[in-house]
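model07.txt (compact mmCIF, C-alpha atoms) appears below.
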```txt
# COMPACT_ATOMS: atom_id res chain seq x y z
CA MET A 1 22.32 8.57 -10.20
CA SER A 2 19.35 9.32 -7.99
CA PRO A 3 15.74 8.36 -8.72
CA PRO A 4 13.25 11.12 -9.37
CA ARG A 5 10.81 11.87 -6.60
CA ARG A 6 7.85 11.16 -8.88
CA ASP A 7 8.61 9.42 -12.16
CA ALA A 8 5.89 9.45 -14.79
CA SER A 9 7.98 8.05 -17.63
CA THR A 10 7.38 4.84 -19.51
CA SER A 11 10.35 3.09 -21.02
CA PRO A 12 10.29 2.46 -24.77
CA PRO A 13 10.57 -1.09 -26.13
CA ARG A 14 14.10 -2.30 -26.87
CA ASN A 15 14.99 -2.73 -30.54
CA GLY A 16 11.34 -2.38 -31.52
CA ARG A 17 10.47 -5.67 -29.78
CA ARG A 18 7.47 -6.01 -27.55
CA ALA A 19 7.48 -7.64 -24.17
CA THR A 20 5.84 -11.05 -23.90
CA ARG A 21 2.99 -9.46 -21.93
CA SER A 22 2.25 -6.95 -24.71
CA ALA A 23 -1.40 -6.29 -23.84
CA VAL A 24 -0.69 -5.62 -20.16
CA ARG A 25 0.41 -2.27 -18.72
CA TRP A 26 2.22 -2.55 -15.40
CA ASP A 27 1.55 0.30 -12.96
CA LEU A 28 4.15 0.20 -10.17
CA ARG A 29 4.71 2.47 -7.19
CA LEU A 30 7.95 2.49 -5.26
CA TYR A 31 7.72 4.04 -1.79
CA ILE A 32 11.04 5.31 -0.46
CA ALA A 33 12.27 7.55 2.38
CA GLY A 34 14.69 10.08 0.92
CA GLN A 35 17.82 9.39 -1.09
CA THR A 36 19.14 6.60 1.15
CA PRO A 37 21.37 3.81 -0.17
CA ARG A 38 18.50 1.32 0.24
CA SER A 39 16.11 3.57 -1.68
CA LEU A 40 18.60 4.08 -4.50
CA THR A 41 19.31 0.35 -4.67
CA ALA A 42 15.59 -0.48 -4.77
CA PHE A 43 15.03 1.97 -7.62
CA ALA A 44 18.00 0.68 -9.63
CA ASN A 45 16.95 -2.95 -9.11
CA LEU A 46 13.37 -2.17 -10.13
CA LYS A 47 14.46 -0.30 -13.25
CA GLN A 48 16.71 -3.18 -14.31
CA LEU A 49 14.01 -5.77 -13.67
CA CYS A 50 11.41 -3.77 -15.63
CA GLU A 51 13.75 -3.28 -18.58
CA SER A 52 14.53 -7.01 -18.64
CA HIS A 53 10.99 -8.35 -18.21
CA LEU A 54 8.50 -5.57 -19.04
CA ALA A 55 10.25 -3.39 -21.63
CA GLY A 56 7.86 -0.71 -22.86
CA GLN A 57 4.98 -2.02 -20.75
CA TYR A 58 5.48 -0.33 -17.39
CA HIS A 59 5.05 2.91 -15.50
CA ILE A 60 6.99 3.57 -12.28
CA GLU A 61 5.92 6.21 -9.79
CA VAL A 62 8.44 6.92 -7.02
CA ILE A 63 6.88 8.34 -3.86
CA ASP A 64 9.21 9.87 -1.29
CA LEU A 65 7.54 9.55 2.10
CA VAL A 66 9.93 12.07 3.65
CA LYS A 67 8.23 14.73 1.52
CA ASN A 68 4.72 13.21 1.44
CA PRO A 69 4.19 10.96 4.48
CA GLN A 70 0.41 11.07 4.12
CA LEU A 71 0.64 9.03 0.89
CA ALA A 72 1.66 5.93 2.87
CA ARG A 73 -1.87 5.43 4.14
CA GLY A 74 -3.47 4.86 0.71
CA ASP A 75 -1.39 1.76 -0.07
CA GLN A 76 -1.01 0.73 3.58
CA ILE A 77 2.77 1.14 3.65
CA VAL A 78 4.34 -0.07 6.90
CA ALA A 79 7.98 -0.49 5.81
CA ILE A 80 10.22 1.08 3.19
CA PRO A 81 11.29 0.68 0.53
CA THR A 82 8.07 -0.99 -0.65
CA LEU A 83 7.03 -1.77 -4.21
CA VAL A 84 3.30 -1.83 -4.90
CA ARG A 85 1.94 -3.42 -8.06
CA ARG A 86 -1.32 -1.61 -8.76
CA LEU A 87 -1.93 -2.96 -12.27
CA PRO A 88 -2.48 -5.59 -13.48
CA PRO A 89 -4.60 -6.95 -10.63
CA PRO A 90 -4.30 -8.30 -8.04
CA LEU A 91 -2.58 -5.63 -5.96
CA SER A 92 0.67 -6.87 -4.45
CA ARG A 93 3.44 -5.48 -2.21
CA ILE A 94 7.11 -6.35 -2.01
CA ILE A 95 9.19 -4.94 0.84
CA GLY A 96 12.95 -4.44 0.62
CA ASP A 97 15.60 -3.27 -1.80
CA LEU A 98 14.41 -5.70 -4.52
CA SER A 99 17.85 -7.32 -4.78
CA ASN A 100 16.44 -10.87 -4.74
CA THR A 101 15.32 -10.93 -8.38
CA GLU A 102 13.65 -14.35 -8.15
CA ARG A 103 11.58 -13.26 -5.14
CA VAL A 104 10.54 -10.04 -6.89
CA LEU A 105 9.56 -11.87 -10.09
CA VAL A 106 7.45 -14.32 -8.10
CA GLY A 107 5.95 -11.48 -6.06
CA LEU A 108 4.98 -9.61 -9.24
CA GLN A 109 3.65 -12.88 -10.69
CA LEU A 110 6.06 -12.70 -13.61
CA ARG A 111 7.37 -16.13 -12.69
CA GLU A 112 5.79 -19.18 -11.05
CA ARG A 113 6.86 -20.22 -7.57
CA PRO A 114 9.55 -22.91 -7.71
```

If you took the structure in this file and wrote it as structure tokens, what would it be?
Amino acid sequence: MSPPRRDASTSPPRNGRRATRSAVRWDLRLYIAGQTPRSLTAFANLKQLCESHLAGQYHIEVIDLVKNPQLARGDQIVAIPTLVRRLPPPLSRIIGDLSNTERVLVGLQLRERP
């Protein structure tokens, strides 16, 4: 299954439960370069992480830099795939396919550094 080029959907809460960060909306951008295996893996890993830790509290926007390379400048993208957390502050970036869940959770400040 391939990620949409620009995804404006928000996932509903599971079983009517709210995430532990119920008052916070997470605005995430995933910069990719086409439908490469790394891009698809990054999207799948991000979706799984959001469903597990932010159910109903997130918005993912996928930006394909093959189609819109000028959009890389705004978030200072130098490598792809890159995840940018825009909200809640502070802004943060995580580079890679997001397969290291612990590193991603720490990078998003969903978990304390060990």

Inset, instruction - Tell me which of A:Arg113, A:Lys67, A:His59, A:Arg103 sits closest to Val24 (chain A), counting only C-alpha atoms. - result: A:His59

Inset, instruction - Take CA of Leu91 (chain A) and CA of Arg38 (chain A) and report the distance between them in Å, one decimal. - result: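 A separation of 23.0 Å between them.
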
Legend entry - Two-atom distance - CA of Arg86 (chain A), CA of Arg29 (chain A) (Å):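 Taking CA of Arg86 (chain A) as the start and CA of Arg29 (chain A) as the end point, the length is 7.4 Å.
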
Legend entry - Interatomic distance, CA of Ile77 (chain A) to CA of Gly56 (chain A) (Å, one decimal): 27.1 Å

Inset, instruction - Take the point (3.4, -1.6, 1.5) in the file's coordinates, draw a sphere of radius 6 Å around it, and report as JSON, numbers by chain every protein, DNA or RNA residue with an atom inside or on it, counting all atoms listed in the file. - result: {"A": [76, 77, 78, 82, 93]}

Legend entry - 12 Å contact set for Asn68 (chain A), only C-alpha atoms, chain neighbours under 5 positions out, as a PyMOL selection string: chain A and resi 5-6+31-34+62-63+73-74

Starting from the point (7.0, -14.1, -15.5), work out which residues of protein, DNA or RNA have an atom no more than 12 Å away when counting all atoms listed in the file; state them as a compact mmCIF listing (two decimals) with C-alpha atoms, keeping the file's coordinate frame.
```
# COMPACT_ATOMS: atom_id res chain seq x y z
CA ALA A 19 7.48 -7.64 -24.17
CA THR A 20 5.84 -11.05 -23.90
CA ARG A 21 2.99 -9.46 -21.93
CA LEU A 49 14.01 -5.77 -13.67
CA CYS A 50 11.41 -3.77 -15.63
CA SER A 52 14.53 -7.01 -18.64
CA HIS A 53 10.99 -8.35 -18.21
CA LEU A 54 8.50 -5.57 -19.04
CA THR A 101 15.32 -10.93 -8.38
CA GLU A 102 13.65 -14.35 -8.15
CA ARG A 103 11.58 -13.26 -5.14
CA VAL A 104 10.54 -10.04 -6.89
CA LEU A 105 9.56 -11.87 -10.09
CA VAL A 106 7.45 -14.32 -8.10
CA GLY A 107 5.95 -11.48 -6.06
CA LEU A 108 4.98 -9.61 -9.24
CA GLN A 109 3.65 -12.88 -10.69
CA LEU A 110 6.06 -12.70 -13.61
CA ARG A 111 7.37 -16.13 -12.69
CA GLU A 112 5.79 -19.18 -11.05
CA ARG A 113 6.86 -20.22 -7.57
```

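If you measure from each of A:Val84, A:Gln70, A:Asp64, A:Ser92 to Gln35 (chain A) using all atoms listed in the file, the closest one turns out to be A:Asp64.
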
Legend entry - Among listed residues A:Leu65, A:Pro81, A:Gln48, A:Ala72, nearest Gly96 (chain A) (using all atoms listed in the file):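 Nearest to Gly96 (chain A): A:Pro81.
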
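Using only C-alpha atoms, the smallest distance between any of A:Thr36, A:Pro69, A:Lys47, A:Leu30 and Ile94 (chain A) comes from A:Leu30.
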
Inset, instruction - Identify which of the residues A:Leu71, A:Leu87, A:Ile80, A:Leu28 lies closest to Leu40 (chain A), counting all atoms listed in the file when measuring atom-to-atom distances. - result: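 The answer is A:Ile80, which sits nearest to Leu40 (chain A).
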
Around region 78-89 of chain A, fit a box with edges along x, y and z, padding it by 4 Å on each side, then list its centre and edge lengths in Å to one decimal as AutoDock Vina command-line options.
```
--center_x 3.3 --center_y -2.9 --center_z -3.3 --size_x 23.9 --size_y 16.0 --size_z 28.4
```

Inset, instruction - Kindly indicate which residue among A:Leu98, A:Asp75, A:Pro90, A:Pro114 lies nearest to Leu46 (chain A), using all atoms listed in the file for the distances. - result: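 Of A:Leu98, A:Asp75, A:Pro90, A:Pro114, the one nearest Leu46 (chain A) is A:Leu98, counting all atoms listed in the file.
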